[in-house]
>>> print(open('final_24.txt').read())   # compact mmCIF, C-alpha atoms
# COMPACT_ATOMS: atom_id res chain seq x y z
CA MET A 1 -63.78 35.38 66.52
CA ILE A 2 -67.50 35.07 65.77
CA VAL A 3 -67.20 37.98 63.34
CA LEU A 4 -64.35 36.20 61.57
CA ARG A 5 -66.40 32.99 61.25
CA GLN A 6 -69.32 35.02 59.94
CA LEU A 7 -67.00 36.75 57.49
CA VAL A 8 -65.68 33.46 56.09
CA ALA A 9 -69.22 32.08 55.72
CA LEU A 10 -70.42 35.29 54.04
CA ILE A 11 -67.49 35.37 51.62
CA GLY A 12 -68.37 31.79 50.63
CA LYS A 13 -71.98 32.84 50.13
CA ASP A 14 -71.04 35.92 48.07
CA LEU A 15 -68.65 33.97 45.86
CA ARG A 16 -71.29 31.25 45.30
CA LEU A 17 -73.72 34.00 44.41
CA GLU A 18 -71.26 35.44 41.87
CA TRP A 19 -70.61 32.00 40.41
CA ARG A 20 -74.31 31.27 39.99
CA ARG A 21 -74.73 34.53 38.13
CA ARG A 22 -71.63 33.99 36.01
CA ALA A 23 -73.44 35.04 32.84
CA ARG A 24 -73.40 38.55 34.35
CA LEU A 25 -69.62 38.30 34.81
CA LEU A 26 -69.30 37.59 31.12
CA VAL A 27 -71.34 40.69 30.34
CA VAL A 28 -69.01 42.84 32.50
CA PHE A 29 -65.92 41.33 30.84
CA VAL A 30 -67.33 42.08 27.40
CA PHE A 31 -68.26 45.60 28.55
CA GLY A 32 -64.69 46.21 29.79
CA ALA A 33 -63.16 44.95 26.54
CA MET A 34 -65.60 47.12 24.59
CA THR A 35 -64.54 50.25 26.49
CA LEU A 36 -60.91 49.47 25.58
CA LEU A 37 -61.94 49.26 21.95
CA LEU A 38 -63.85 52.53 22.17
CA PHE A 39 -60.89 54.35 23.75
CA SER A 40 -58.80 53.46 20.69
CA PHE A 41 -61.18 55.56 18.56
CA ALA A 42 -60.23 58.66 20.58
CA LEU A 43 -56.47 58.00 20.28
CA PRO A 44 -55.96 56.77 16.74
CA GLU A 45 -52.14 56.65 16.71
CA THR A 46 -50.48 53.55 18.13
CA GLU A 47 -47.79 55.54 19.91
CA MET A 48 -50.43 57.58 21.76
CA LEU A 49 -52.27 54.39 22.70
CA VAL A 50 -49.10 52.84 24.12
CA ARG A 51 -48.36 55.94 26.21
CA ALA A 52 -51.95 56.14 27.47
CA SER A 53 -52.46 52.39 27.92
CA GLY A 54 -52.08 52.45 31.72
CA GLY A 55 -54.73 55.14 32.06
CA LEU A 56 -57.09 53.49 29.60
CA LEU A 57 -56.84 50.18 31.47
CA VAL A 58 -57.66 51.87 34.78
CA LEU A 59 -60.62 53.67 33.19
CA ALA A 60 -61.89 50.38 31.76
CA LEU A 61 -61.62 48.89 35.26
CA LEU A 62 -63.49 51.85 36.77
CA LEU A 63 -66.33 51.79 34.23
CA SER A 64 -66.71 48.02 34.50
CA SER A 65 -66.63 48.21 38.29
CA THR A 66 -69.81 50.28 38.45
CA LEU A 67 -71.77 47.43 36.84
CA GLY A 68 -70.55 44.90 39.39
CA LEU A 69 -70.73 47.19 42.42
CA ALA A 70 -74.27 48.32 41.70
CA GLU A 71 -75.41 44.70 41.62
CA SER A 72 -73.63 43.54 44.76
CA PHE A 73 -76.25 44.86 47.21
CA ARG A 74 -79.22 44.99 44.86
CA VAL A 75 -79.38 41.21 44.82
CA GLU A 76 -79.49 41.14 48.63
CA HIS A 77 -82.82 42.95 48.63
CA GLU A 78 -84.56 40.13 46.74
CA ASP A 79 -86.77 38.31 49.26
CA ARG A 80 -85.34 40.69 51.90
CA ALA A 81 -82.21 38.56 52.18
CA LEU A 82 -80.17 41.32 53.83
CA GLU A 83 -82.77 41.81 56.56
CA GLY A 84 -82.70 38.07 57.12
CA LEU A 85 -78.93 38.16 57.54
CA PHE A 86 -79.11 40.93 60.13
CA LEU A 87 -81.81 39.04 62.03
CA LEU A 88 -79.65 35.90 62.37
CA PRO A 89 -77.84 38.05 63.69
CA VAL A 90 -74.83 38.70 61.47
CA GLU A 91 -72.55 41.61 62.31
CA PRO A 92 -72.89 44.45 59.74
CA VAL A 93 -69.11 44.79 59.62
CA ALA A 94 -68.84 41.16 58.44
CA VAL A 95 -71.43 41.86 55.71
CA PHE A 96 -69.43 44.89 54.54
CA TYR A 97 -66.08 43.15 54.42
CA SER A 98 -67.48 40.03 52.73
CA LYS A 99 -69.07 42.18 50.01
CA ALA A 100 -65.90 44.29 49.67
CA ILE A 101 -63.70 41.17 49.39
CA ALA A 102 -66.08 39.57 46.85
CA ASN A 103 -66.09 42.82 44.84
CA THR A 104 -62.28 43.00 44.99
CA LEU A 105 -62.02 39.44 43.66
CA PHE A 106 -64.51 40.31 40.95
CA LEU A 107 -62.44 43.33 39.88
CA LEU A 108 -59.23 41.29 40.13
CA ALA A 109 -60.76 38.78 37.72
CA LEU A 110 -61.13 41.57 35.16
CA GLY A 111 -57.32 41.90 35.04
CA PRO A 112 -56.53 38.69 33.13
CA VAL A 113 -59.21 39.67 30.59
CA LEU A 114 -58.61 43.41 30.16
CA ALA A 115 -54.79 43.48 30.38
CA PRO A 116 -54.13 41.01 27.51
CA ALA A 117 -56.86 42.73 25.46
CA ALA A 118 -55.12 46.10 25.96
CA LEU A 119 -51.70 44.62 25.18
CA ILE A 120 -52.97 43.24 21.89
CA LEU A 121 -55.24 46.14 20.86
CA TYR A 122 -52.74 48.88 21.78
CA SER A 123 -49.55 46.99 20.69
CA VAL A 124 -48.02 47.35 24.16
CA GLN A 125 -44.81 45.44 24.94
CA VAL A 126 -44.45 44.62 28.64
CA ASP A 127 -41.29 43.14 30.09
CA PRO A 128 -42.26 39.72 31.57
CA SER A 129 -40.35 40.61 34.75
CA ALA A 130 -42.80 43.50 35.30
CA ILE A 131 -45.87 41.24 35.44
CA ALA A 132 -45.63 40.86 39.25
CA ASP A 133 -45.58 44.68 39.66
CA PHE A 134 -48.46 44.97 37.20
CA ALA A 135 -50.52 42.42 39.15
CA LEU A 136 -49.79 44.14 42.47
CA ILE A 137 -50.85 47.57 41.15
CA TRP A 138 -53.99 46.06 39.63
CA ALA A 139 -54.82 44.37 42.95
CA LEU A 140 -54.32 47.61 44.89
CA ALA A 141 -56.47 49.54 42.41
CA ALA A 142 -59.20 46.88 42.56
CA ALA A 143 -59.19 46.88 46.37
CA GLY A 144 -59.23 50.69 46.45
CA LEU A 145 -62.26 50.80 44.18
CA ALA A 146 -64.08 47.97 45.92
CA ALA A 147 -64.15 49.38 49.48
CA PRO A 148 -65.79 52.78 48.83
CA GLY A 149 -67.79 51.25 45.98
CA THR A 150 -69.24 48.67 48.35
CA LEU A 151 -70.07 51.32 50.95
CA TYR A 152 -71.83 53.53 48.38
CA SER A 153 -73.51 50.54 46.77
CA GLY A 154 -74.89 49.65 50.21
CA MET A 155 -76.25 53.18 50.53
CA THR A 156 -77.73 53.58 47.10
CA SER A 157 -78.93 50.05 46.31
CA ARG A 158 -82.54 50.75 47.20
CA MET A 159 -82.65 54.34 46.12
CA ARG A 160 -84.30 55.76 43.11
CA GLY A 161 -81.56 56.96 40.78
CA GLN A 162 -78.92 54.47 41.93
CA ASP A 163 -77.49 54.22 38.44
CA VAL A 164 -76.75 57.97 38.51
CA LEU A 165 -75.80 58.31 42.15
CA LEU A 166 -73.24 55.52 42.45
CA PRO A 167 -70.88 56.93 39.76
CA LEU A 168 -71.64 60.49 40.88
CA LEU A 169 -70.40 59.71 44.40
CA LEU A 170 -67.73 57.14 43.55
CA PHE A 171 -65.89 58.66 40.59
CA PRO A 172 -64.64 61.85 42.26
CA LEU A 173 -63.91 60.01 45.50
CA VAL A 174 -61.58 57.54 43.80
CA GLY A 175 -59.99 60.26 41.65
CA PRO A 176 -56.72 60.33 43.64
CA LEU A 177 -56.62 56.53 43.68
CA LEU A 178 -57.12 56.41 39.90
CA LEU A 179 -54.34 58.95 39.40
CA ALA A 180 -51.94 56.90 41.50
CA SER A 181 -52.96 53.71 39.66
CA VAL A 182 -52.47 55.32 36.25
CA LYS A 183 -49.05 56.69 37.21
CA SER A 184 -48.01 53.30 38.61
CA LEU A 185 -49.24 51.27 35.63
CA ASN A 186 -47.59 53.68 33.20
CA LEU A 187 -44.31 53.29 35.08
CA VAL A 188 -44.65 49.49 34.86
CA ILE A 189 -45.54 49.55 31.16
CA LEU A 190 -43.26 52.35 29.92
CA GLY A 191 -40.34 51.85 32.31
CA ASP A 192 -39.33 53.44 35.60
CA ALA A 193 -36.02 55.20 34.92
CA MET A 194 -36.36 57.52 37.95
CA ASP A 195 -37.41 54.75 40.37
CA GLN A 196 -40.74 56.38 41.20
CA LEU A 197 -42.94 53.29 41.33
CA GLY A 198 -42.38 52.70 45.04
CA SER A 199 -43.81 56.06 46.14
CA TRP A 200 -46.94 55.72 43.94
CA ARG A 201 -47.45 52.15 45.18
CA ASN A 202 -47.19 53.34 48.77
CA LEU A 203 -49.79 56.01 48.04
CA LEU A 204 -52.12 53.32 46.67
CA ILE A 205 -51.57 51.24 49.80
CA ALA A 206 -52.36 54.30 51.95
CA PHE A 207 -55.64 54.89 50.08
CA ASP A 208 -56.57 51.22 50.41
CA VAL A 209 -55.93 51.23 54.16
CA ILE A 210 -57.96 54.45 54.61
CA TYR A 211 -60.93 53.33 52.50
CA TRP A 212 -61.07 49.81 53.97
CA SER A 213 -60.88 51.15 57.54
CA ILE A 214 -63.46 53.93 57.03
CA GLY A 215 -65.81 51.56 55.18
CA GLY A 216 -65.80 49.04 58.02
CA VAL A 217 -66.45 51.75 60.61
CA LEU A 218 -69.24 53.50 58.67
CA TYR A 219 -71.18 50.61 57.14
CA PRO A 220 -72.96 49.69 60.43
CA PHE A 221 -74.46 53.23 60.43
CA VAL A 222 -75.55 52.82 56.81
CA CYS A 223 -77.26 49.48 57.34
CA GLU A 224 -78.96 50.76 60.48
CA GLU A 225 -80.93 53.07 58.21
CA GLY A 226 -82.01 50.20 55.96
CA SER A 227 -79.53 50.04 53.14
CA MET B 1 -88.28 80.47 65.18
CA LYS B 2 -86.07 82.94 67.01
CA PRO B 3 -84.93 86.03 65.11
CA LEU B 4 -81.44 85.79 63.61
CA THR B 5 -79.81 88.75 65.28
CA TRP B 6 -76.20 87.70 65.92
CA GLN B 7 -75.97 85.71 62.69
CA HIS B 8 -76.98 88.74 60.63
CA GLY B 9 -74.41 90.71 62.61
CA LEU B 10 -71.75 88.27 61.41
CA GLY B 11 -72.88 88.76 57.80
CA ILE B 12 -72.84 92.55 58.04
CA LEU B 13 -69.43 92.51 59.75
CA GLY B 14 -68.11 90.07 57.11
CA PHE B 15 -69.23 92.17 54.15
CA GLY B 16 -67.91 95.35 55.80
CA LEU B 17 -64.51 93.73 56.38
CA LEU B 18 -64.49 92.34 52.85
CA VAL B 19 -64.91 95.81 51.36
CA THR B 20 -62.21 97.21 53.69
CA GLY B 21 -59.72 94.41 53.04
CA SER B 22 -60.30 94.45 49.29
CA VAL B 23 -59.88 98.24 49.05
CA MET B 24 -56.65 97.97 51.09
CA GLY B 25 -55.45 95.09 48.92
CA LEU B 26 -56.18 96.98 45.72
CA THR B 27 -54.82 100.38 46.70
CA MET B 28 -52.51 100.23 49.73
CA ALA B 29 -50.74 96.87 49.60
CA PRO B 30 -47.56 96.75 47.51
CA PRO B 31 -47.66 94.89 44.17
CA GLU B 32 -46.05 91.44 44.12
CA ARG B 33 -42.42 91.60 42.91
CA HIS B 34 -42.76 89.26 39.90
CA MET B 35 -46.46 89.21 39.08
CA GLY B 36 -47.25 92.87 39.71
CA ASP B 37 -50.84 94.04 40.14
CA VAL B 38 -52.36 90.82 38.82
CA SER B 39 -51.49 89.10 42.10
CA ARG B 40 -53.98 91.33 43.96
CA ILE B 41 -56.66 88.77 43.16
CA ALA B 42 -54.96 86.74 45.90
CA TYR B 43 -56.76 88.93 48.49
CA ILE B 44 -59.98 87.20 47.38
CA HIS B 45 -58.70 83.85 46.12
CA VAL B 46 -56.65 82.85 49.16
CA PRO B 47 -59.24 83.77 51.85
CA THR B 48 -61.88 81.92 49.81
CA ALA B 49 -59.65 78.84 49.73
CA TRP B 50 -59.00 79.05 53.49
CA SER B 51 -62.70 79.32 54.24
CA MET B 52 -63.47 76.45 51.87
CA LEU B 53 -61.07 74.24 53.83
CA LEU B 54 -62.63 75.43 57.10
CA ALA B 55 -66.21 74.91 55.84
CA SER B 56 -65.38 71.36 54.76
CA THR B 57 -63.77 70.76 58.16
CA PHE B 58 -66.93 72.08 59.86
CA ALA B 59 -68.91 69.68 57.64
CA PHE B 60 -66.66 66.81 58.75
CA GLY B 61 -67.12 67.79 62.40
CA TRP B 62 -70.91 68.06 62.07
CA ALA B 63 -70.97 64.72 60.19
CA LEU B 64 -69.20 62.99 63.09
CA THR B 65 -71.46 64.70 65.63
CA SER B 66 -74.58 63.89 63.63
CA LEU B 67 -73.65 60.20 63.43
CA TRP B 68 -72.63 60.09 67.08
CA THR B 69 -75.68 61.83 68.56
CA GLY B 70 -78.32 61.25 65.87
CA LYS B 71 -79.69 64.74 66.54
CA GLU B 72 -81.29 66.47 63.58
CA ARG B 73 -79.84 69.86 64.46
CA TYR B 74 -76.37 68.66 63.44
CA ASP B 75 -77.66 67.46 60.08
CA ASP B 76 -78.99 70.98 59.45
CA LEU B 77 -75.55 72.43 60.23
CA LEU B 78 -73.93 69.73 58.10
CA ALA B 79 -76.15 70.62 55.13
CA GLY B 80 -75.30 74.31 55.54
CA SER B 81 -71.56 73.56 55.76
CA LEU B 82 -71.70 71.33 52.67
CA GLU B 83 -73.40 74.06 50.67
CA ALA B 84 -70.85 76.61 51.90
CA THR B 85 -68.02 74.28 50.84
CA VAL B 86 -69.48 73.90 47.35
CA ILE B 87 -70.11 77.64 46.90
CA LEU B 88 -66.63 78.58 48.16
CA SER B 89 -65.08 75.98 45.81
CA VAL B 90 -67.07 77.43 42.92
CA LEU B 91 -65.70 80.88 43.82
CA MET B 92 -62.16 79.65 44.49
CA LEU B 93 -61.58 77.76 41.25
CA PRO B 94 -62.49 80.54 38.77
CA SER B 95 -60.65 83.19 40.83
CA GLY B 96 -57.58 80.93 40.68
CA MET B 97 -58.05 80.45 36.94
CA ILE B 98 -58.24 84.21 36.38
CA TRP B 99 -54.94 84.49 38.28
CA ALA B 100 -53.43 81.52 36.40
CA LYS B 101 -54.01 82.81 32.87
CA PRO B 102 -51.67 85.84 33.01
CA THR B 103 -49.10 84.17 35.31
CA TRP B 104 -48.95 80.54 34.07
CA GLY B 105 -50.21 81.26 30.55
CA VAL B 106 -53.09 78.79 30.85
CA TRP B 107 -56.49 78.83 32.55
CA TRP B 108 -56.03 75.34 33.92
CA ASP B 109 -53.24 72.89 34.66
CA TRP B 110 -53.54 69.32 35.95
CA ASP B 111 -51.52 70.21 38.99
CA VAL B 112 -52.18 68.30 42.24
CA ARG B 113 -53.75 71.27 44.03
CA LEU B 114 -56.04 72.17 41.12
CA THR B 115 -57.03 68.57 40.45
CA SER B 116 -57.74 67.74 44.09
CA SER B 117 -59.73 70.99 44.46
CA LEU B 118 -61.90 70.12 41.47
CA VAL B 119 -62.32 66.59 42.84
CA GLY B 120 -63.37 68.13 46.17
CA LEU B 121 -65.98 70.32 44.49
CA LEU B 122 -67.46 67.35 42.62
CA LEU B 123 -67.39 65.21 45.78
CA PHE B 124 -69.28 67.68 47.94
CA ALA B 125 -71.68 68.59 45.12
CA GLY B 126 -72.36 64.84 44.75
CA ILE B 127 -73.30 64.65 48.44
CA LEU B 128 -75.76 67.52 47.99
CA ALA B 129 -77.22 65.57 45.04
CA LEU B 130 -77.45 62.48 47.27
CA ARG B 131 -79.51 64.46 49.79
CA THR B 132 -82.12 65.30 47.17
CA PHE B 133 -82.66 61.60 46.45
CA VAL B 134 -83.42 60.57 50.05
CA ASP B 135 -86.83 61.53 51.41
CA GLU B 136 -86.68 60.07 54.90
CA PRO B 137 -84.93 62.65 57.19
CA LYS B 138 -83.13 60.18 59.51
CA ARG B 139 -81.77 58.18 56.60
CA ARG B 140 -80.78 61.36 54.76
CA ALA B 141 -78.88 62.59 57.82
CA THR B 142 -76.98 59.32 58.26
CA TRP B 143 -76.05 58.92 54.62
CA THR B 144 -75.00 62.55 54.26
CA ALA B 145 -72.79 62.17 57.32
CA VAL B 146 -71.24 58.92 56.03
CA ALA B 147 -70.58 60.37 52.56
CA THR B 148 -69.08 63.54 54.09
CA ILE B 149 -66.67 61.59 56.30
CA VAL B 150 -65.53 59.53 53.30
CA ALA B 151 -65.21 62.62 51.07
CA TYR B 152 -63.13 64.47 53.67
CA VAL B 153 -60.21 62.17 52.74
CA ASP B 154 -59.65 64.53 49.79
CA ILE B 155 -59.19 67.65 51.93
CA PRO B 156 -55.70 66.84 53.32
CA LEU B 157 -54.67 66.17 49.71
CA ILE B 158 -55.79 69.68 48.72
CA TYR B 159 -53.85 71.25 51.58
CA PHE B 160 -50.71 69.12 51.75
CA GLY B 161 -50.57 67.92 48.11
CA VAL B 162 -48.89 71.15 47.11
CA ARG B 163 -45.98 70.27 49.44
CA TRP B 164 -45.92 66.52 48.75
CA TRP B 165 -45.81 66.92 44.95
CA ARG B 166 -44.11 70.19 44.06
CA SER B 167 -45.83 71.34 40.89
CA ILE B 168 -46.89 74.61 39.28
CA HIS B 169 -49.10 75.85 42.16
CA GLN B 170 -47.05 77.66 44.79
CA VAL B 171 -46.81 76.35 48.36
CA GLN B 172 -48.62 78.16 51.18
CA SER B 173 -47.36 81.66 52.00
CA SER B 174 -46.82 82.88 55.55
CA PRO B 175 -46.26 86.34 57.15
CA GLU B 176 -42.50 85.60 56.91
CA THR B 177 -42.60 85.00 53.14
CA VAL B 178 -44.68 88.02 52.04
CA SER B 179 -44.18 91.77 52.21
CA GLY B 180 -45.35 93.39 55.49
CA GLY B 181 -47.93 95.55 53.67
CA MET B 182 -49.74 92.49 52.34
CA ILE B 183 -50.43 90.85 55.68
CA LEU B 184 -53.16 93.16 57.04
CA PRO B 185 -55.49 93.15 53.99
CA TRP B 186 -55.05 89.38 53.79
CA ARG B 187 -55.97 88.94 57.45
CA ILE B 188 -58.95 91.29 57.16
CA ASN B 189 -60.30 89.42 54.13
CA ALA B 190 -59.61 86.05 55.76
CA PHE B 191 -61.87 87.01 58.68
CA ALA B 192 -64.35 88.66 56.29
CA VAL B 193 -64.87 85.49 54.23
CA LEU B 194 -64.93 83.39 57.40
CA PHE B 195 -67.67 85.56 58.96
CA ILE B 196 -69.70 85.48 55.74
CA THR B 197 -69.27 81.69 55.63
CA LEU B 198 -70.46 81.32 59.24
CA TRP B 199 -73.41 83.60 58.51
CA PHE B 200 -74.27 81.56 55.41
CA ILE B 201 -74.04 78.26 57.32
CA ALA B 202 -76.30 79.64 60.07
CA MET B 203 -78.84 80.85 57.51
CA ARG B 204 -78.83 77.66 55.45
CA SER B 205 -79.05 75.40 58.48
CA ARG B 206 -82.04 77.43 59.69
CA ILE B 207 -83.73 76.96 56.31
CA GLU B 208 -82.89 73.24 56.41
CA ALA B 209 -84.43 72.97 59.89
CA GLY B 210 -87.58 74.67 58.64
CA ARG B 211 -87.76 72.38 55.62
CA ARG B 212 -87.35 69.30 57.82
CA GLN B 213 -90.04 70.46 60.24
CA LEU B 214 -92.42 70.96 57.33
CA GLU B 215 -91.55 67.49 55.97
CA GLN B 216 -92.24 65.95 59.36
CA ALA B 217 -95.55 67.78 59.44
CA GLY B 218 -96.39 65.78 56.31
CA GLU B 219 -96.64 68.52 53.78
CA PRO B 220 -94.18 67.53 51.06
CA GLU B 221 -96.37 68.99 48.30
CA ARG B 222 -96.36 72.41 49.94
CA ILE B 223 -92.57 72.31 50.27
CA ALA B 224 -92.19 71.26 46.63
CA GLU B 225 -94.36 74.18 45.60
CA ALA B 226 -92.42 76.59 47.82
CA VAL B 227 -89.04 75.37 46.50
CA ALA B 228 -90.23 75.50 42.87
>>> encode(input="final_24.txt", output="structure tokens")
Amino acid sequence: MIVLRQLVALIGKDLRLEWRRRARLLVVFVFGAMTLLLFSFALPETEMLVRASGGLLVLALLLSSTLGLAESFRVEHEDRALEGLFLLPVEPVAVFYSKAIANTLFLLALGPVLAPAALILYSVQVDPSAIADFALIWALAAAGLAAPGTLYSGMTSRMRGQDVLLPLLLFPLVGPLLLASVKSLNLVILGDAMDQLGSWRNLLIAFDVIYWSIGGVLYPFVCEEGS
Amino acid sequence: MKPLTWQHGLGILGFGLLVTGSVMGLTMAPPERHMGDVSRIAYIHVPTAWSMLLASTFAFGWALTSLWTGKERYDDLLAGSLEATVILSVLMLPSGMIWAKPTWGVWWDWDVRLTSSLVGLLLFAGILALRTFVDEPKRRATWTAVATIVAYVDIPLIYFGVRWWRSIHQVQSSPETVSGGMILPWRINAFAVLFITLWFIAMRSRIEAGRRQLEQAGEPERIAEAVA
């Protein structure tokens, strides 16, 4: 129960922190939209862009996520804030889940910016009835990126070479999750004649459950060594 | 340090078996019905893949033990197992590609097994890169163990993915699904690569222990010079 109260308080703190640095959010949104623009240079034909739009959106989410994830723990080292939290004492597991939830919300917030940008730039027509499925897949992808991203961000935040290490560790790890997200989003955007969306969505849920469970179990070991 | 007698014995036995199994596979085993002689590369490719899966499982086991006990010895074994996993993956992927070109017509296909194997290689290579960035031994051990446990999520995908998503890569063979003459060279090479892997892990973990002891003695410059 104490852990839950700590978690709620920490989520409030993390969201306030994000809000006070909202100029950074704007930078990440612009970065995500820019990646979508750059992808269109590689696929110049509209038909190719439409067919690849699900994958391009997921890649834009992934590339944008590294900016947010890298920052999430770095800011906690200013004035040794993280050490202060642990001395209160706050349970490490509450710190991990609050950061992971804040990061998930941050990545979720990219959806309303990146998805309309992709729809307009790539001339994608999405059935309005598919928006709920689209939002669910986006949420699962965001959560699946946030949990391991938070764990690795906690590990690498004070290391030399964090900017290299975080993507080096995170990108291959979330490879299967990205594949499932791309398949799911493409089925939502291009149509699901063979009724395959359910199995890909279940795979995404499985990855989310695994990453969120492992992250919570392992983070206390990470912070013990001075993340 | 104690002399490495039994470990070297494993290496010698492994290489001896590898020569025996490979000669049997090349000369005595029957050719595969559809692919012909080209399939004989399987006597190297498949045992390499098995040992890669085993080495990564050893790494996972050592990672759990290292976290649980905090003893440095297990981090040495973990480092050796991670290196073995990476090297076996590097051997497995090109040997599979050489087999793929004449049979599938392409060097590479984005099949589940191939993709997850490449992801596995990059994952474990990334962990080795992580180790080089952390100077403090206790922290390096913990973070390597954590990253290994997380990365191991990919291994069941490599093994079972071929059954879950039927694609171009064939499912696992068994003694019931292959010709009787193929089984013995396969078994010999499976043990050969396993023994070589165990020998390699023992050697690398011994080197890692030596490196750590030197680091703790406060001679990082001497180690840097020795490594360079």
>>> interface_residues(input="final_24.txt", of="chain B", to="chain A", cutoff="8 Å", atoms="only C-alpha atoms", output="ChimeraX atom specification")
/B:67,116,119-120,122-123,126-127,129-130,133-134,138-139,142-143,146,150-151,154
>>> write_last_selection(input="final_24.txt", atoms="C-alpha atoms", output="PDB file, in the frame of the given file")
ATOM      1  CA  LEU B  67     -73.650  60.200  63.430  1.00  0.00           C
ATOM      2  CA  SER B 116     -57.740  67.740  44.090  1.00  0.00           C
ATOM      3  CA  VAL B 119     -62.320  66.590  42.840  1.00  0.00           C
ATOM      4  CA  GLY B 120     -63.370  68.130  46.170  1.00  0.00           C
ATOM      5  CA  LEU B 122     -67.460  67.350  42.620  1.00  0.00           C
ATOM      6  CA  LEU B 123     -67.390  65.210  45.780  1.00  0.00           C
ATOM      7  CA  GLY B 126     -72.360  64.840  44.750  1.00  0.00           C
ATOM      8  CA  ILE B 127     -73.300  64.650  48.440  1.00  0.00           C
ATOM      9  CA  ALA B 129     -77.220  65.570  45.040  1.00  0.00           C
ATOM     10  CA  LEU B 130     -77.450  62.480  47.270  1.00  0.00           C
ATOM     11  CA  PHE B 133     -82.660  61.600  46.450  1.00  0.00           C
ATOM     12  CA  VAL B 134     -83.420  60.570  50.050  1.00  0.00           C
ATOM     13  CA  LYS B 138     -83.130  60.180  59.510  1.00  0.00           C
ATOM     14  CA  ARG B 139     -81.770  58.180  56.600  1.00  0.00           C
ATOM     15  CA  THR B 142     -76.980  59.320  58.260  1.00  0.00           C
ATOM     16  CA  TRP B 143     -76.050  58.920  54.620  1.00  0.00           C
ATOM     17  CA  VAL B 146     -71.240  58.920  56.030  1.00  0.00           C
ATOM     18  CA  VAL B 150     -65.530  59.530  53.300  1.00  0.00           C
ATOM     19  CA  ALA B 151     -65.210  62.620  51.070  1.00  0.00           C
ATOM     20  CA  ASP B 154     -59.650  64.530  49.790  1.00  0.00           C
TER      21      ASP B 154
END
>>> residues_near_point(input="final_24.txt", point="(-60.7, 89.2, 58.3)", cutoff="12 Å", atoms="only C-alpha atoms", output="ChimeraX atom specification")
/B:10,13-22,43-44,46-48,50-51,183-197
>>> write_last_selection(input="final_24.txt", atoms="C-alpha atoms", output="compact mmCIF listing (two decimals), in the coordinates of the input")
# COMPACT_ATOMS: atom_id res chain seq x y z
CA LEU B 10 -71.75 88.27 61.41
CA LEU B 13 -69.43 92.51 59.75
CA GLY B 14 -68.11 90.07 57.11
CA PHE B 15 -69.23 92.17 54.15
CA GLY B 16 -67.91 95.35 55.80
CA LEU B 17 -64.51 93.73 56.38
CA LEU B 18 -64.49 92.34 52.85
CA VAL B 19 -64.91 95.81 51.36
CA THR B 20 -62.21 97.21 53.69
CA GLY B 21 -59.72 94.41 53.04
CA SER B 22 -60.30 94.45 49.29
CA TYR B 43 -56.76 88.93 48.49
CA ILE B 44 -59.98 87.20 47.38
CA VAL B 46 -56.65 82.85 49.16
CA PRO B 47 -59.24 83.77 51.85
CA THR B 48 -61.88 81.92 49.81
CA TRP B 50 -59.00 79.05 53.49
CA SER B 51 -62.70 79.32 54.24
CA ILE B 183 -50.43 90.85 55.68
CA LEU B 184 -53.16 93.16 57.04
CA PRO B 185 -55.49 93.15 53.99
CA TRP B 186 -55.05 89.38 53.79
CA ARG B 187 -55.97 88.94 57.45
CA ILE B 188 -58.95 91.29 57.16
CA ASN B 189 -60.30 89.42 54.13
CA ALA B 190 -59.61 86.05 55.76
CA PHE B 191 -61.87 87.01 58.68
CA ALA B 192 -64.35 88.66 56.29
CA VAL B 193 -64.87 85.49 54.23
CA LEU B 194 -64.93 83.39 57.40
CA PHE B 195 -67.67 85.56 58.96
CA ILE B 196 -69.70 85.48 55.74
CA THR B 197 -69.27 81.69 55.63
>>> closest_residue(input="final_24.txt", among="B:Arg131, B:Arg140, B:Arg73, B:Arg113", to="B:Gly161", atoms="only C-alpha atoms")
B:Arg113
>>> residues_around(input="final_24.txt", residues="A:Ile2", least_positions_apart="5", cutoff="12 Å", atoms="only C-alpha atoms", output="PyMOL selection string")
chain A and resi 7-9+89-91+93-94
>>> write_last_selection(input="final_24.txt", atoms="C-alpha atoms", output="PDB file, keeping the file's coordinate frame")
ATOM      1  CA  LEU A   7     -67.000  36.750  57.490  1.00  0.00           C
ATOM      2  CA  VAL A   8     -65.680  33.460  56.090  1.00  0.00           C
ATOM      3  CA  ALA A   9     -69.220  32.080  55.720  1.00  0.00           C
ATOM      4  CA  PRO A  89     -77.840  38.050  63.690  1.00  0.00           C
ATOM      5  CA  VAL A  90     -74.830  38.700  61.470  1.00  0.00           C
ATOM      6  CA  GLU A  91     -72.550  41.610  62.310  1.00  0.00           C
ATOM      7  CA  VAL A  93     -69.110  44.790  59.620  1.00  0.00           C
ATOM      8  CA  ALA A  94     -68.840  41.160  58.440  1.00  0.00           C
TER       9      ALA A  94
END
>>> atom_distance(input="final_24.txt", atom1="atom CA of B:Ala79", atom2="atom CA of B:Thr144")
8.2 Å
>>> atom_distance(input="final_24.txt", atom1="atom CA of A:Gly54", atom2="atom CA of A:Asp195")
17.2 Å
